[in-house]
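J.: First, the structure itself, so that you have it in front of you.
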Amino acid sequence: MAAKEYTAEEVAKHNKEGDLWVIMDGKVYNLSRFVDLHPGGSNVLFAESIAGKDATQAFFGLHRLEVLQRPQYARLQIGTIRDEESVIKAPAPGELSRVPYAEPTWLVSGFKSPYYTEGHRKFQTATRTFFMVVVGPEMIKCEENGQRISQEVVDKMSEVNVIAMRLGPGKHLQGRTLMNGTVKPEEFDYFHEAIVHAELARFGSRGAIEGLLAGAVIGLPPVLNYGSPELQARIVPEVLSGKKYVALAISEAFAGSDVSGIQTTAVRDGDFWVVTGTKKWITNGTFADYFTTGCKTETGFTVILIERDDNVSTKAIKTSYSSVAGTAYVTFDKVRVPVGNTLGEIGNGMSVILSNFNHERWMGMCAGLSAQRVVVEECMKWASQRIVFGKPLTSQAVIRAKLAAMISRVEAGQNWLENITFQMNNMSYAETSSKLAGPIALLKQFVTRSGEQTAKDSTQIFGGRALTVTGMGKVIENFHRTSAFDAILAGAEDVMADLGVRQAMKKMPSTARL
Ligand code: HEM
């Protein structure tokens, strides 16, 4: 930390080529040798209102705070202004935002919740701290460079059992120390799990959310719920410890939401299945060791766990989100799989897949709403700090109307999500499957539709900045580019809406009349 103190008058003397200082948020920066390297050009730094002056407002109208924190720029600071305190600070690890609506009400001082306890709050603080310090920086880096999450970070996630917690409450948590002991395995509920999904969605890096072993979240439950004890004993520990990776392989170029149309075939040969076919859009597929695979068999649809071998090949698919997700095209070429790897009954694979969908859709909404809330926070900050014709953007009624719509959508979704989460906590797995499939599908289509509108509104608020991958609007750009994924993955938006209504129609009392 540069300790030297200056007065504004002293700084003002350094206002020319070869000798250029500026003040930002009470800190003094020597830009003399940086001017020619400045990505925004050199001449803007010599403007009369900037050179030797307090450039705080101009700076924050053009850059994110993180620019000043990058080591190569932080070292340009040579001192501070006497008697002036720096007030603009990045949130400390675990810190909650004080921007209105940037946090769900249960985390806002003075607000009460019927669902969350002190234990949840403690767990949330520990989880946010862990994600901010250990996982977030890696997610941001991998979102940019497209590399998979490093084994080092996966190992750290396994140490605190993030991978296991993302699968929800259950026997797979027994004997594990969760987030350094902030919650006991038997106390871990769906609100704890919702916290994990929400916290990992706060970094404006949609591809990395999938890259963070989403394949295990959707590919391992069929093993946990339907695999033989021998299969579970072998597979579950190595996946939850982050040593092996699993992907869910259902969709094909031939069939997406119409699961029953798949063409991958498993033919019985003694104690083996011989599997042939292709799968498309398989999250984590490029690096998966196991594929929980939907296959056509003689007696219907069957789910089989296939281990990668020489007859399994994967090719990366370039999607519009980052290749950190490991999205793949998978080819099975007469792969021999022991019949013991069958998940559930032969021919009854549809119920294995359908029951798995509820949790996947709910998880997507926990993360999706959290990402929408981050967009609200970005817009609240930007609309306050961006000065147009001498006034902040918030002085425009049309901007305030967009903020009102964004806030209302995220709050409505949050309240609905919390209600469904409460039901999940109090229903058996079978009850959840029969009673909540419809509401979860309807919530999903509501949240993804909200997300698309929020992507559009926030892009209007940020203008051109929302169109560049780096810089001021990078979170909005990422959200705008990727919000369509949530409206497709785990069931297309229109299909979800229809499913919700069809489920309701099934439950209509036959005597109901106007
Ligand atoms: C320590 C001082 C500064 C550093 C380290 C810095 C760094 C950067 C960087 C990294 C960018 C690329 C865009 C981004 O990543 O956000 C940028 C863009 C820019 N900077 Fe600076 N900058 C500094 C001070 C200033 C000041 C005082 C001004 C005042 C006018 C300024 C004007 C600009 C402009 C106009 C752009 C282009 C913005 C855009 O493309 O939207 N910079 N600067």
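Quick note on naming: the chains in the structure tokens go A, B, ... in the order shown, residues restart at 1 in each chain, and ligands are numbered from 1 in order of appearance.
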Give me, as a tab-separated table, each residue of chain A that comes within 7 Å of ligand 1, together with its shortest interatomic pair and the distance in Å at one decimal, counting only C-alpha atoms and all ligand atoms, with rows ordered by chain and rising residue number.
T.:
residue	atom	partner	partner_atom_place_in_ligand_line	distance
A:Val22	CA	ligand 1	27 (C)	6.8
A:Tyr29	CA	ligand 1	1 (C)	6.1
A:Leu31	CA	ligand 1	1 (C)	6.8
A:His38	CA	ligand 1	7 (C)	5.7
A:Pro39	CA	ligand 1	11 (C)	4.7
A:Gly40	CA	ligand 1	36 (C)	3.4
A:Gly41	CA	ligand 1	34 (C)	6.8
A:Val44	CA	ligand 1	30 (C)	4.9
A:Leu45	CA	ligand 1	29 (C)	5.4
A:Ile50	CA	ligand 1	27 (C)	6.0
A:Ala55	CA	ligand 1	27 (C)	5.3
A:Ala58	CA	ligand 1	29 (C)	5.4
A:Phe59	CA	ligand 1	26 (C)	5.0
A:Leu62	CA	ligand 1	38 (C)	5.2
A:His63	CA	ligand 1	16 (O)	4.2
A:Arg64	CA	ligand 1	16 (O)	5.9
A:Val67	CA	ligand 1	10 (C)	5.8
A:Leu68	CA	ligand 1	5 (C)	5.7
A:Tyr73	CA	ligand 1	5 (C)	4.8
A:Leu76	CA	ligand 1	1 (C)	6.4
A:Arg465	CA	ligand 1	41 (O)	6.6
A:Thr470	CA	ligand 1	15 (O)	6.1
A:Gly471	CA	ligand 1	16 (O)	3.9
A:Met472	CA	ligand 1	16 (O)	5.7
J.: Can you tell me, as a PyMOL selection string, what residues are no more than 12 Å from Val375 (chain A) when counting only C-alpha atoms, ignoring any on the same chain fewer than 4 positions away?
T.: chain A and resi 99+101-103+201-205+368-371+379-383+403+406-407+409-410+450-459+461-462+466+473-480+483
J.: I'd like the neighbourhood of region 353-355 of chain A as a PDB file with N, CA and C atoms, in the first residue's frame, where a residue qualifies if any of its atoms comes within 10 Å (using only C-alpha atoms), though same-chain residues fewer than 4 positions away should be ignored.
T.:
ATOM      1  N   ILE A 218     -26.827 -33.536 -12.586  1.00  0.00           N
ATOM      2  CA  ILE A 218     -27.949 -34.159 -13.295  1.00  0.00           C
ATOM      3  C   ILE A 218     -27.656 -35.617 -13.675  1.00  0.00           C
ATOM      4  N   GLY A 219     -26.377 -35.980 -13.717  1.00  0.00           N
ATOM      5  CA  GLY A 219     -26.021 -37.332 -14.162  1.00  0.00           C
ATOM      6  C   GLY A 219     -25.867 -38.332 -13.034  1.00  0.00           C
ATOM      7  N   PRO A 221     -27.656 -38.361  -9.853  1.00  0.00           N
ATOM      8  CA  PRO A 221     -28.869 -38.792  -9.137  1.00  0.00           C
ATOM      9  C   PRO A 221     -29.482 -40.097  -9.664  1.00  0.00           C
ATOM     10  N   PRO A 222     -29.524 -40.354 -10.982  1.00  0.00           N
ATOM     11  CA  PRO A 222     -30.061 -41.649 -11.401  1.00  0.00           C
ATOM     12  C   PRO A 222     -29.243 -42.813 -10.842  1.00  0.00           C
ATOM     13  N   ASN A 225     -30.257 -42.950  -7.091  1.00  0.00           N
ATOM     14  CA  ASN A 225     -31.636 -43.381  -6.847  1.00  0.00           C
ATOM     15  C   ASN A 225     -31.973 -44.737  -7.456  1.00  0.00           C
ATOM     16  N   LEU A 248     -24.872 -36.317 -18.092  1.00  0.00           N
ATOM     17  CA  LEU A 248     -26.161 -36.896 -18.434  1.00  0.00           C
ATOM     18  C   LEU A 248     -26.295 -36.856 -19.953  1.00  0.00           C
ATOM     19  N   ILE A 250     -28.803 -37.619 -22.664  1.00  0.00           N
ATOM     20  CA  ILE A 250     -30.160 -37.954 -23.117  1.00  0.00           C
ATOM     21  C   ILE A 250     -30.405 -37.385 -24.521  1.00  0.00           C
ATOM     22  N   VAL A 259     -38.148 -36.764 -25.650  1.00  0.00           N
ATOM     23  CA  VAL A 259     -37.186 -37.794 -25.230  1.00  0.00           C
ATOM     24  C   VAL A 259     -37.476 -39.156 -25.871  1.00  0.00           C
ATOM     25  N   THR A 292     -24.498 -41.046 -18.128  1.00  0.00           N
ATOM     26  CA  THR A 292     -25.796 -41.608 -17.757  1.00  0.00           C
ATOM     27  C   THR A 292     -26.678 -41.458 -18.986  1.00  0.00           C
ATOM     28  N   THR A 293     -26.892 -42.587 -19.677  1.00  0.00           N
ATOM     29  CA  THR A 293     -27.345 -42.510 -21.065  1.00  0.00           C
ATOM     30  C   THR A 293     -28.730 -43.086 -21.289  1.00  0.00           C
ATOM     31  N   GLY A 294     -29.546 -42.341 -21.991  1.00  0.00           N
ATOM     32  CA  GLY A 294     -30.876 -42.820 -22.376  1.00  0.00           C
ATOM     33  C   GLY A 294     -30.765 -43.670 -23.631  1.00  0.00           C
ATOM     34  N   PHE A 301     -37.605 -47.863 -23.139  1.00  0.00           N
ATOM     35  CA  PHE A 301     -36.541 -46.887 -22.934  1.00  0.00           C
ATOM     36  C   PHE A 301     -35.798 -47.262 -21.652  1.00  0.00           C
ATOM     37  N   THR A 302     -34.471 -47.330 -21.721  1.00  0.00           N
ATOM     38  CA  THR A 302     -33.700 -47.779 -20.552  1.00  0.00           C
ATOM     39  C   THR A 302     -32.519 -46.838 -20.325  1.00  0.00           C
ATOM     40  N   VAL A 303     -32.217 -46.565 -19.048  1.00  0.00           N
ATOM     41  CA  VAL A 303     -31.083 -45.694 -18.734  1.00  0.00           C
ATOM     42  C   VAL A 303     -29.896 -46.554 -18.292  1.00  0.00           C
ATOM     43  N   ASN A 348     -38.036 -49.142 -18.190  1.00  0.00           N
ATOM     44  CA  ASN A 348     -38.740 -48.136 -17.367  1.00  0.00           C
ATOM     45  C   ASN A 348     -37.891 -46.866 -17.203  1.00  0.00           C
ATOM     46  N   GLY A 349     -37.049 -46.620 -18.184  1.00  0.00           N
ATOM     47  CA  GLY A 349     -36.126 -45.486 -18.093  1.00  0.00           C
ATOM     48  C   GLY A 349     -36.809 -44.133 -18.089  1.00  0.00           C
ATOM     49  N   HIS A 359     -35.688 -31.930 -10.086  1.00  0.00           N
ATOM     50  CA  HIS A 359     -34.571 -31.338  -9.352  1.00  0.00           C
ATOM     51  C   HIS A 359     -33.721 -30.474 -10.275  1.00  0.00           C
ATOM     52  N   GLU A 360     -33.479 -30.972 -11.486  1.00  0.00           N
ATOM     53  CA  GLU A 360     -32.652 -30.210 -12.436  1.00  0.00           C
ATOM     54  C   GLU A 360     -33.294 -28.855 -12.744  1.00  0.00           C
ATOM     55  N   TYR A 429     -39.800 -37.953  -2.004  1.00  0.00           N
ATOM     56  CA  TYR A 429     -39.353 -37.886  -3.402  1.00  0.00           C
ATOM     57  C   TYR A 429     -40.525 -38.216  -4.335  1.00  0.00           C
ATOM     58  N   ALA A 430     -41.319 -39.236  -3.936  1.00  0.00           N
ATOM     59  CA  ALA A 430     -42.455 -39.658  -4.780  1.00  0.00           C
ATOM     60  C   ALA A 430     -43.511 -38.564  -4.839  1.00  0.00           C
ATOM     61  N   THR A 432     -43.023 -35.362  -4.405  1.00  0.00           N
ATOM     62  CA  THR A 432     -42.485 -34.261  -5.210  1.00  0.00           C
ATOM     63  C   THR A 432     -42.715 -34.551  -6.684  1.00  0.00           C
ATOM     64  N   SER A 433     -42.454 -35.820  -7.078  1.00  0.00           N
ATOM     65  CA  SER A 433     -42.608 -36.177  -8.483  1.00  0.00           C
ATOM     66  C   SER A 433     -44.053 -35.995  -8.931  1.00  0.00           C
ATOM     67  N   SER A 434     -44.994 -36.391  -8.080  1.00  0.00           N
ATOM     68  CA  SER A 434     -46.381 -36.330  -8.554  1.00  0.00           C
ATOM     69  C   SER A 434     -46.997 -34.946  -8.358  1.00  0.00           C
ATOM     70  N   ALA A 437     -44.205 -31.551 -10.202  1.00  0.00           N
ATOM     71  CA  ALA A 437     -43.710 -31.480 -11.588  1.00  0.00           C
ATOM     72  C   ALA A 437     -44.340 -30.289 -12.318  1.00  0.00           C
TER      73      ALA A 437
END
J.: Between A:Val133, A:Leu240, A:Ala164, A:Ala194, which one has atoms that come closest to His120 (chain A), using only C-alpha atoms?
T.: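 Ranking A:Val133, A:Leu240, A:Ala164, A:Ala194 by distance to His120 (chain A), first place goes to A:Ala194.
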J.: Find the residue from A:Val495, A:Ala316, A:Lys16, A:Asp155 that sits nearest to Ala47 (chain A); use only C-alpha atoms when measuring.
T.: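 Among the listed residues, A:Lys16 lies closest to Ala47 (chain A).
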J.: For Leu178 (chain A), which residue among A:Val134, A:Ala126, A:Ala214, A:Ala12 is the nearest when counting only C-alpha atoms?
T.: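 Looking only at the distances to Leu178 (chain A), the closest residue turns out to be A:Ala126.
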J.: Quick one: DSSP strand (DSSP E) residues in region 37-220 of chain A, as number ranges by chain?
T.: A: 77-81
J.: As a ChimeraX atom specification, please: the residues near Val274 (chain A) (cut-off 7 Å, only C-alpha atoms, same-chain neighbours under 6 positions excluded).
T.: /A:266-268,334-337
J.: Take the residues from that selection and put them in a file with C-alpha atoms, as a PDB file, in the first residue's frame.
T.:
ATOM      1  CA  ALA A 266     -28.728 -50.843 -26.520  1.00  0.00           C
ATOM      2  CA  VAL A 267     -28.872 -54.463 -27.660  1.00  0.00           C
ATOM      3  CA  ARG A 268     -28.471 -57.297 -25.165  1.00  0.00           C
ATOM      4  CA  LYS A 334     -20.773 -50.639 -30.203  1.00  0.00           C
ATOM      5  CA  VAL A 335     -19.752 -49.931 -26.590  1.00  0.00           C
ATOM      6  CA  ARG A 336     -19.987 -53.026 -24.387  1.00  0.00           C
ATOM      7  CA  VAL A 337     -21.509 -52.181 -21.001  1.00  0.00           C
TER       8      VAL A 337
END
J.: Neighbouring residues of Ser113 (chain A) were defined as those with any atom within 12 Å, considering only C-alpha atoms; residues of the same chain fewer than 6 positions away were excluded. Please report them as a list of chain:residue names.
T.: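 Listed by chain and then number, they are A:Pro104, A:Thr105, A:Trp106, A:Leu107, A:His120, A:Arg121, A:Asn415, A:Glu418, A:Asn419, A:Phe422.
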J.: Got time to write the residues from that selection, N, CA and C atoms, as a JSON list (two decimals), in the first residue's frame?
T.:
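Wrote again.json, looks like this:
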[["chain", "number", "residue", "atom", "x", "y", "z"],
["A", 104, "PRO", "N", -31.88, -11.28, -1.85],
["A", 104, "PRO", "CA", -33.26, -11.66, -1.53],
["A", 104, "PRO", "C", -33.61, -11.14, -0.13],
["A", 105, "THR", "N", -34.89, -10.89, 0.13],
["A", 105, "THR", "CA", -35.25, -10.22, 1.40],
["A", 105, "THR", "C", -34.75, -10.95, 2.64],
["A", 106, "TRP", "N", -34.64, -12.28, 2.56],
["A", 106, "TRP", "CA", -34.23, -13.00, 3.78],
["A", 106, "TRP", "C", -32.82, -12.60, 4.20],
["A", 107, "LEU", "N", -32.06, -11.98, 3.29],
["A", 107, "LEU", "CA", -30.70, -11.55, 3.63],
["A", 107, "LEU", "C", -30.62, -10.04, 3.89],
["A", 120, "HIS", "N", -29.25, -21.21, 8.31],
["A", 120, "HIS", "CA", -29.13, -20.94, 6.87],
["A", 120, "HIS", "C", -28.26, -19.70, 6.64],
["A", 121, "ARG", "N", -28.43, -18.71, 7.50],
["A", 121, "ARG", "CA", -27.66, -17.46, 7.32],
["A", 121, "ARG", "C", -26.16, -17.74, 7.51],
["A", 415, "ASN", "N", -40.12, -15.45, -4.58],
["A", 415, "ASN", "CA", -41.16, -15.87, -3.64],
["A", 415, "ASN", "C", -41.77, -17.20, -4.04],
["A", 418, "GLU", "N", -39.21, -19.97, -3.31],
["A", 418, "GLU", "CA", -39.11, -20.30, -1.88],
["A", 418, "GLU", "C", -40.29, -21.17, -1.45],
["A", 419, "ASN", "N", -41.47, -20.86, -1.99],
["A", 419, "ASN", "CA", -42.64, -21.67, -1.66],
["A", 419, "ASN", "C", -42.45, -23.11, -2.13],
["A", 422, "PHE", "N", -39.95, -24.95, -0.02],
["A", 422, "PHE", "CA", -40.55, -25.36, 1.25],
["A", 422, "PHE", "C", -41.35, -26.66, 1.06]]
J.: Could you check the closest approach to Glu298 (chain A) for each of A:Leu20, A:Ala441, A:Ile346, A:Val236 and tell me which residue wins, using only C-alpha atoms?
T.: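 Of A:Leu20, A:Ala441, A:Ile346, A:Val236, the one nearest Glu298 (chain A) is A:Ile346, counting only C-alpha atoms.
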J.: With only C-alpha atoms as the counted atoms, please give the residues lying no more than 12 Å from Gln124 (chain A), apart from itself and same-chain residues fewer than 4 positions off, as a VMD selection string.
T.: chain A and resid 93 to 96 103 to 104 106 to 107 116 to 120 128 to 132 179 182 to 183 191 to 200
